[in-house]
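Only one structure is covered here, and it is reproduced in the block below.
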Amino acid sequence: MEDSPQPTKSGLNGRLLFAIAVAAVGSSFQHGYNTGVVNAPQKVIEAFIRDVLASRKGESTKPEDISQESVTTVWATAVAIYCVGGMLGGALVGLTAKTLGPKGGLFWNNLFVFIGALLQGFSKSALSYELIVIGRFIIGINSGLNAGLAPMYLTEISPVNLRGAVGSTYQLVLTISILISQIMGLSSVMGTADLWPILLIVCVLPAVFMVLGLPFCPESPKYLLTQKSKDEKAQKALTWFRGTTEVQDEMEEMRVEKEQIKHMPKVTMKEMLVNRSLRIPLMIAVVIMLGQQFSGINAVIFYSTDIFKSANLSDSDAQLATLLMGVVNVMMTVVSLVLVEKAGRKTLLLIGFGGMVIDTSLLTVGLFCVKQYNYVWVSYLCIAFVLFFVIMFAVGPGSIPWFLVNELFNQSARPMACSIAVTTNWTANFFVGMGFPFLKIIVAEFCMVIFVIFQFLTVLFICIVVPETKQRPIAEIVALFSKQTPDTPSPDQPPETDNPAAPSE
């Protein structure tokens, strides 16, 4: 074996960076790109749908004879079905992680990308909008699986002092890919009647990168040892990631965990809900995921076009303002990646959600003033509020939920916990996407009030329930919840295991 590269004091080395890049880019890009890619070219794709509907009604039917309601129904289905696929993919995370492992699951998951992208790419030549719907559903499955498997893999290969920063790379790539989709979807780039099929097929490129790069990266050492009992392979994998042969302390921790898992009951859904030492961290994971989606981030982005237009911006300037939001989101996610190991998870979550409470309240007042009094200067303030909202979201609520769930559970319970949390996130995303347009119609400029309530409740929950996990080993975090249960060692005694799945009485 070739000499291992010397790691830096922080634990970083070339091999670890390569594994992080392959896992994050190949997975998170699909999540972000396919979320944003249909927004800019909506009009040209709707025109294609209208042409297809007209052609199926006979030669005497012209595209203008097709009602907008029919076109909108097909379009809304194509957009929403992506989240439905994400729900299904999220539900499969636990089974996939246990069967194939985090790395194996990520690798084979790319099959969904190739199939879904090809279906969408050939939809125009086949004169079938159904291929877009089916393709987006299949890629949604891929994105749902990625949202659970990638943060899991990144968490398990990371040194404890870099776990938060490495976990944040998933959200960083997600924001970058959304920005890329917005740029490529512009009418001056690929958002045209001729090029939109290519726009939808571009997502195969990161999948190819992952398929080519992932075989050079080892499987998660924890998975190899605790699930497959491959001690030698686990040690080789850990040595590869750390860039040093001095990994005995970490190996010993994993061996202790493996021995304790043998004596613990299988972590089933019932056990997750009945056992308090599992139920509390599961509740934290679910609430933080709900808080992320019900913060109103997607609604604010959705409403931003109207806000920009109210400030008398032209359509082209409004597009540039939307791109500015994307740039701000990326920049602040980079800042979050740096701060997460300094300020801590809980602190950044409180700053992010707390800032959104204030900002969304001011945005609501601003929207009311614009609607009632048509103050242009207030419209520009609303633009600033939208940008500040994105900043607050990126500070913590955007990135931390994806890896926090992996920090709250050890190897035996992590796959199922991730599956539940990711499914919750995609389900909430679906309901926000489907429900916000109707909420906007019913309560107009006061539609943001509901999000203020959710943000405030999330702040209270974080203050009371969520522990700080910065720089703490997984075993220590898990022990925090075990000590709160009657059937676990008292706080003044060291826990016998870092596995939370103690039998419930």
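Labeling convention for the structure tokens: chains A, B, ... as they appear, residues from 1 per chain, ligands from 1 in order of appearance.
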
Polymer residues at most 8 Å from Val452 of chain A, only C-alpha atoms, same-chain spacing of 2 or more positions, as a PyMOL selection string = chain A and resi 295+356-357+360-361+448-450+454-456

May I have the residues from that selection written out with all heavy atoms, as a tab-separated table (two decimals), in the first residue's frame?
chain	number	residue	atom	x	y	z
A	295	SER	N	-40.35	27.15	8.14
A	295	SER	CA	-39.81	28.49	8.37
A	295	SER	C	-40.29	29.46	7.31
A	295	SER	O	-40.27	30.67	7.50
A	295	SER	CB	-38.27	28.45	8.37
A	295	SER	OG	-37.79	28.17	7.06
A	356	MET	N	-35.13	35.09	11.80
A	356	MET	CA	-36.26	34.97	10.87
A	356	MET	C	-37.57	35.42	11.50
A	356	MET	O	-38.44	35.96	10.80
A	356	MET	CB	-36.38	33.52	10.37
A	356	MET	CG	-35.32	33.16	9.32
A	356	MET	SD	-35.67	31.59	8.49
A	356	MET	CE	-35.31	30.43	9.80
A	357	VAL	N	-37.73	35.21	12.80
A	357	VAL	CA	-38.95	35.68	13.49
A	357	VAL	C	-39.08	37.19	13.33
A	357	VAL	O	-40.14	37.71	12.95
A	357	VAL	CB	-38.92	35.30	14.98
A	357	VAL	CG1	-40.06	36.01	15.73
A	357	VAL	CG2	-39.07	33.79	15.15
A	360	THR	N	-39.30	38.16	9.36
A	360	THR	CA	-40.58	37.84	8.73
A	360	THR	C	-41.70	38.74	9.25
A	360	THR	O	-42.62	39.11	8.49
A	360	THR	CB	-40.95	36.37	8.96
A	360	THR	OG1	-39.83	35.55	8.64
A	360	THR	CG2	-42.13	35.95	8.08
A	361	SER	N	-41.62	39.12	10.50
A	361	SER	CA	-42.61	40.05	11.06
A	361	SER	C	-42.51	41.41	10.35
A	361	SER	O	-43.53	42.00	9.96
A	361	SER	CB	-42.38	40.23	12.56
A	361	SER	OG	-42.50	39.00	13.25
A	448	MET	N	-47.53	35.44	5.54
A	448	MET	CA	-46.28	35.10	6.22
A	448	MET	C	-46.44	34.94	7.72
A	448	MET	O	-45.53	34.43	8.40
A	448	MET	CB	-45.23	36.17	5.93
A	448	MET	CG	-44.97	36.45	4.46
A	448	MET	SD	-44.45	34.99	3.53
A	448	MET	CE	-42.89	34.63	4.31
A	449	VAL	N	-47.60	35.35	8.26
A	449	VAL	CA	-47.80	35.29	9.71
A	449	VAL	C	-47.71	33.85	10.22
A	449	VAL	O	-47.14	33.59	11.29
A	449	VAL	CB	-49.16	35.91	10.09
A	449	VAL	CG1	-49.46	35.69	11.57
A	449	VAL	CG2	-49.17	37.40	9.76
A	450	ILE	N	-48.26	32.91	9.46
A	450	ILE	CA	-48.23	31.52	9.90
A	450	ILE	C	-46.80	31.03	10.07
A	450	ILE	O	-46.49	30.25	10.97
A	450	ILE	CB	-49.00	30.62	8.89
A	450	ILE	CG1	-49.07	29.19	9.39
A	450	ILE	CG2	-48.36	30.67	7.51
A	450	ILE	CD1	-49.93	29.01	10.61
A	454	PHE	N	-44.58	29.44	13.41
A	454	PHE	CA	-43.76	28.23	13.38
A	454	PHE	C	-42.31	28.55	13.77
A	454	PHE	O	-41.68	27.77	14.51
A	454	PHE	CB	-43.79	27.60	11.98
A	454	PHE	CG	-45.01	26.77	11.72
A	454	PHE	CD1	-45.89	27.12	10.71
A	454	PHE	CD2	-45.28	25.63	12.47
A	454	PHE	CE1	-47.03	26.36	10.46
A	454	PHE	CE2	-46.42	24.86	12.22
A	454	PHE	CZ	-47.29	25.22	11.21
A	455	GLN	N	-41.80	29.65	13.31
A	455	GLN	CA	-40.42	30.03	13.64
A	455	GLN	C	-40.27	30.26	15.15
A	455	GLN	O	-39.30	29.79	15.76
A	455	GLN	CB	-40.03	31.31	12.88
A	455	GLN	CG	-39.93	31.15	11.38
A	455	GLN	CD	-40.03	32.48	10.66
A	455	GLN	OE1	-40.04	33.55	11.28
A	455	GLN	NE2	-40.12	32.45	9.34
A	456	PHE	N	-41.24	30.96	15.73
A	456	PHE	CA	-41.18	31.25	17.17
A	456	PHE	C	-41.27	29.96	17.99
A	456	PHE	O	-40.51	29.78	18.96
A	456	PHE	CB	-42.31	32.20	17.55
A	456	PHE	CG	-42.32	32.57	19.01
A	456	PHE	CD1	-41.36	33.43	19.53
A	456	PHE	CD2	-43.28	32.05	19.86
A	456	PHE	CE1	-41.36	33.77	20.88
A	456	PHE	CE2	-43.29	32.38	21.21
A	456	PHE	CZ	-42.33	33.24	21.72

Leu100 of chain A surroundings by only C-alpha atoms, 12 Å radius, close-in-sequence under 5 positions cut, as a list in words |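 My reading of the contact set: Leu92, Val93, Gly94, Leu95, Gly105, Leu106, Phe107, Trp108, Asn109, Leu149, Glu219, Ser220, Tyr223, Leu224, Gln227, Lys228 and Pro415 of chain A.
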
Compile the contact shell of Met269 of chain A as a ChimeraX atom specification: residues with an atom at most 12 Å away, counting only C-alpha atoms, same-chain residues fewer than 5 positions apart removed.
-> /A:94,274-275,278-279,282,413,415-417,419-420,501

Please, what distance in Å, to one decimal, runs between atom CA of Ala117 of chain A and atom CA of Ile66 of chain A?
->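 Spanning atom CA of Ala117 of chain A to atom CA of Ile66 of chain A is a straight-line distance of 27.6 Å.
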
Who sits within 8 Å of segment 74-78 of chain A, only C-alpha atoms, same chain under 5 positions skipped, as a count of residues only = 5

With only C-alpha atoms as the atoms that count, which of A:Glu64, A:Glu156, A:Asp359, A:Glu407 lies nearest to Met392 of chain A?
-> A:Asp359

Could you name the residues that touch Leu12 of chain A at 12 Å or less, counting only C-alpha atoms, but leaving out those on the same chain fewer than 4 positions away, as an MDAnalysis selection string?
-> chainID A and resid 5:8 16:20 157:163 165:166 240:244

Write out as a PyMOL selection string all residues of segment 146-303 of chain A that backbone DSSP assigns to helix (DSSP H, G or I).
-> chain A and resi 146-157+160-184+196-201+204-216+221-227+231-242+248-262+269-274+276-293+297-303

For the selection just defined, write its residues with C-alpha atoms to a file, as a short mmCIF file (atom, residue, chain, number, x, y, z; two decimals), in the first residue's frame.
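Saved as selection.cif:
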data_model
loop_
_atom_site.label_atom_id
_atom_site.label_comp_id
_atom_site.auth_asym_id
_atom_site.auth_seq_id
_atom_site.Cartn_x
_atom_site.Cartn_y
_atom_site.Cartn_z
CA ASN A 146 -29.43 11.19 -1.14
CA ALA A 147 -30.79 13.51 1.56
CA GLY A 148 -30.44 10.69 4.09
CA LEU A 149 -27.48 8.66 2.80
CA ALA A 150 -25.07 11.51 1.99
CA PRO A 151 -25.17 13.28 5.40
CA MET A 152 -24.94 9.85 7.05
CA TYR A 153 -21.83 8.92 5.06
CA LEU A 154 -20.26 12.36 5.59
CA THR A 155 -20.89 12.19 9.36
CA GLU A 156 -19.44 8.69 9.71
CA ILE A 157 -16.21 9.42 7.81
CA VAL A 160 -15.23 14.66 15.49
CA ASN A 161 -13.75 18.17 15.26
CA LEU A 162 -14.90 18.54 11.63
CA ARG A 163 -18.22 16.71 11.78
CA GLY A 164 -20.38 19.83 11.59
CA ALA A 165 -18.36 21.51 8.84
CA VAL A 166 -18.27 18.36 6.72
CA GLY A 167 -21.98 17.76 7.29
CA SER A 168 -22.69 21.33 6.14
CA THR A 169 -21.17 20.64 2.73
CA TYR A 170 -24.44 18.92 1.72
CA GLN A 171 -26.36 22.19 2.13
CA LEU A 172 -23.52 24.17 0.54
CA VAL A 173 -23.64 22.11 -2.65
CA LEU A 174 -27.44 22.25 -2.56
CA THR A 175 -27.43 26.06 -2.59
CA ILE A 176 -24.78 26.15 -5.32
CA SER A 177 -26.77 23.74 -7.48
CA ILE A 178 -29.95 25.80 -7.07
CA LEU A 179 -28.02 28.87 -8.20
CA ILE A 180 -26.61 26.95 -11.18
CA SER A 181 -30.11 25.81 -12.16
CA GLN A 182 -31.36 29.41 -11.98
CA ILE A 183 -28.54 30.67 -14.19
CA MET A 184 -28.81 27.87 -16.73
CA TRP A 196 -34.98 23.04 -22.18
CA PRO A 197 -34.75 19.21 -22.68
CA ILE A 198 -30.95 19.50 -22.41
CA LEU A 199 -31.42 21.64 -19.30
CA LEU A 200 -33.33 18.77 -17.67
CA ILE A 201 -30.72 16.18 -18.63
CA VAL A 204 -26.46 13.25 -15.20
CA LEU A 205 -23.03 14.94 -15.09
CA PRO A 206 -22.69 14.95 -11.25
CA ALA A 207 -24.04 11.38 -11.26
CA VAL A 208 -21.24 10.36 -13.64
CA PHE A 209 -18.73 12.12 -11.33
CA MET A 210 -20.00 10.09 -8.37
CA VAL A 211 -20.08 6.78 -10.26
CA LEU A 212 -16.47 7.30 -11.37
CA GLY A 213 -15.16 8.68 -8.07
CA LEU A 214 -16.99 6.75 -5.35
CA PRO A 215 -15.33 3.36 -6.06
CA PHE A 216 -12.01 4.91 -5.00
CA PRO A 221 -15.77 2.36 8.75
CA LYS A 222 -18.62 2.26 11.27
CA TYR A 223 -20.84 0.38 8.85
CA LEU A 224 -18.08 -2.11 8.01
CA LEU A 225 -17.38 -2.85 11.66
CA THR A 226 -20.74 -2.67 13.42
CA GLN A 227 -22.99 -3.96 10.64
CA ASP A 231 -12.70 -5.38 11.51
CA GLU A 232 -9.71 -5.36 9.17
CA LYS A 233 -11.57 -3.59 6.36
CA ALA A 234 -12.95 -1.04 8.83
CA GLN A 235 -9.45 -0.25 10.09
CA LYS A 236 -8.11 0.08 6.55
CA ALA A 237 -10.99 2.39 5.65
CA LEU A 238 -10.44 4.55 8.73
CA THR A 239 -6.70 4.71 7.99
CA TRP A 240 -7.51 5.82 4.44
CA PHE A 241 -9.82 8.63 5.64
CA ARG A 242 -7.52 9.83 8.42
CA GLN A 248 -6.66 2.71 17.40
CA ASP A 249 -8.67 4.98 19.69
CA GLU A 250 -11.46 5.40 17.13
CA MET A 251 -11.38 1.68 16.32
CA GLU A 252 -11.70 0.79 19.98
CA GLU A 253 -14.72 3.07 20.35
CA MET A 254 -16.39 1.35 17.41
CA ARG A 255 -15.56 -2.12 18.77
CA VAL A 256 -17.17 -1.28 22.12
CA GLU A 257 -20.23 -0.02 20.28
CA LYS A 258 -20.39 -3.20 18.23
CA GLU A 259 -20.26 -5.43 21.31
CA GLN A 260 -23.00 -3.47 23.03
CA ILE A 261 -25.23 -3.60 19.95
CA LYS A 262 -25.18 -7.41 20.15
CA MET A 269 -40.26 1.71 14.73
CA LYS A 270 -41.99 0.67 17.96
CA GLU A 271 -38.70 0.86 19.83
CA MET A 272 -38.04 4.33 18.41
CA LEU A 273 -41.37 5.56 19.77
CA VAL A 274 -41.50 3.65 23.07
CA ARG A 276 -37.45 7.43 25.75
CA SER A 277 -33.72 7.47 25.02
CA LEU A 278 -34.61 7.10 21.33
CA ARG A 279 -37.88 9.03 21.35
CA ILE A 280 -36.39 12.32 22.57
CA PRO A 281 -33.63 12.58 19.91
CA LEU A 282 -36.13 11.43 17.27
CA MET A 283 -38.49 14.21 18.36
CA ILE A 284 -35.62 16.70 18.06
CA ALA A 285 -34.74 15.47 14.55
CA VAL A 286 -38.36 15.62 13.36
CA VAL A 287 -39.12 19.05 14.86
CA ILE A 288 -35.93 20.60 13.45
CA MET A 289 -36.78 19.21 10.00
CA LEU A 290 -40.32 20.59 10.28
CA GLY A 291 -38.93 23.90 11.49
CA GLN A 292 -36.64 24.12 8.46
CA GLN A 293 -39.48 23.65 5.95
CA ILE A 297 -37.96 29.67 3.09
CA ASN A 298 -39.62 28.23 -0.02
CA ALA A 299 -42.55 30.60 0.37
CA VAL A 300 -40.27 33.63 0.67
CA ILE A 301 -38.41 32.59 -2.47
CA PHE A 302 -41.75 32.00 -4.20
CA TYR A 303 -43.08 35.41 -3.13
#

May I have the residues within 8 Å of Phe436 of chain A as a list in words, using only C-alpha atoms and disregarding those fewer than 3 positions away in the same chain?
->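 Those residues are Ala299, Val432, Gly433, Leu439, Lys440 and Cys447 of chain A.
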
Using only C-alpha atoms, determine which residues lie at most 10 Å from Leu460 of chain A, disregarding the query and same-chain residues fewer than 4 positions distant; provide the list as JSON, numbers by chain.
-> {"A": [350, 353, 354, 455, 456, 464, 465, 466]}

Each residue of segment 313-399 of chain A with at least one atom at most 12 Å from segment 26-38 of chain A should appear once, together with its nearest atom pair and the corresponding distance in Å (one decimal); atoms considered: only C-alpha atoms; ordering: chain, then increasing residue number; output as JSON lines.
{"residue": "A:Thr322", "atom": "CA", "partner": "A:Gly36", "partner_atom": "CA", "distance": 11.7}
{"residue": "A:Leu323", "atom": "CA", "partner": "A:Gly36", "partner_atom": "CA", "distance": 11.6}
{"residue": "A:Gly326", "atom": "CA", "partner": "A:Gly36", "partner_atom": "CA", "distance": 10.6}
{"residue": "A:Val330", "atom": "CA", "partner": "A:Gly32", "partner_atom": "CA", "distance": 11.9}
{"residue": "A:Ser399", "atom": "CA", "partner": "A:Ser28", "partner_atom": "CA", "distance": 11.6}

Select, from A:Thr458, A:Thr192, A:Ser67, A:Ala321, the residue with the minimum atom-to-atom distance to Phe294 of chain A, counting only C-alpha atoms.
->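 For Phe294 of chain A, the nearest of the candidates is A:Thr458.
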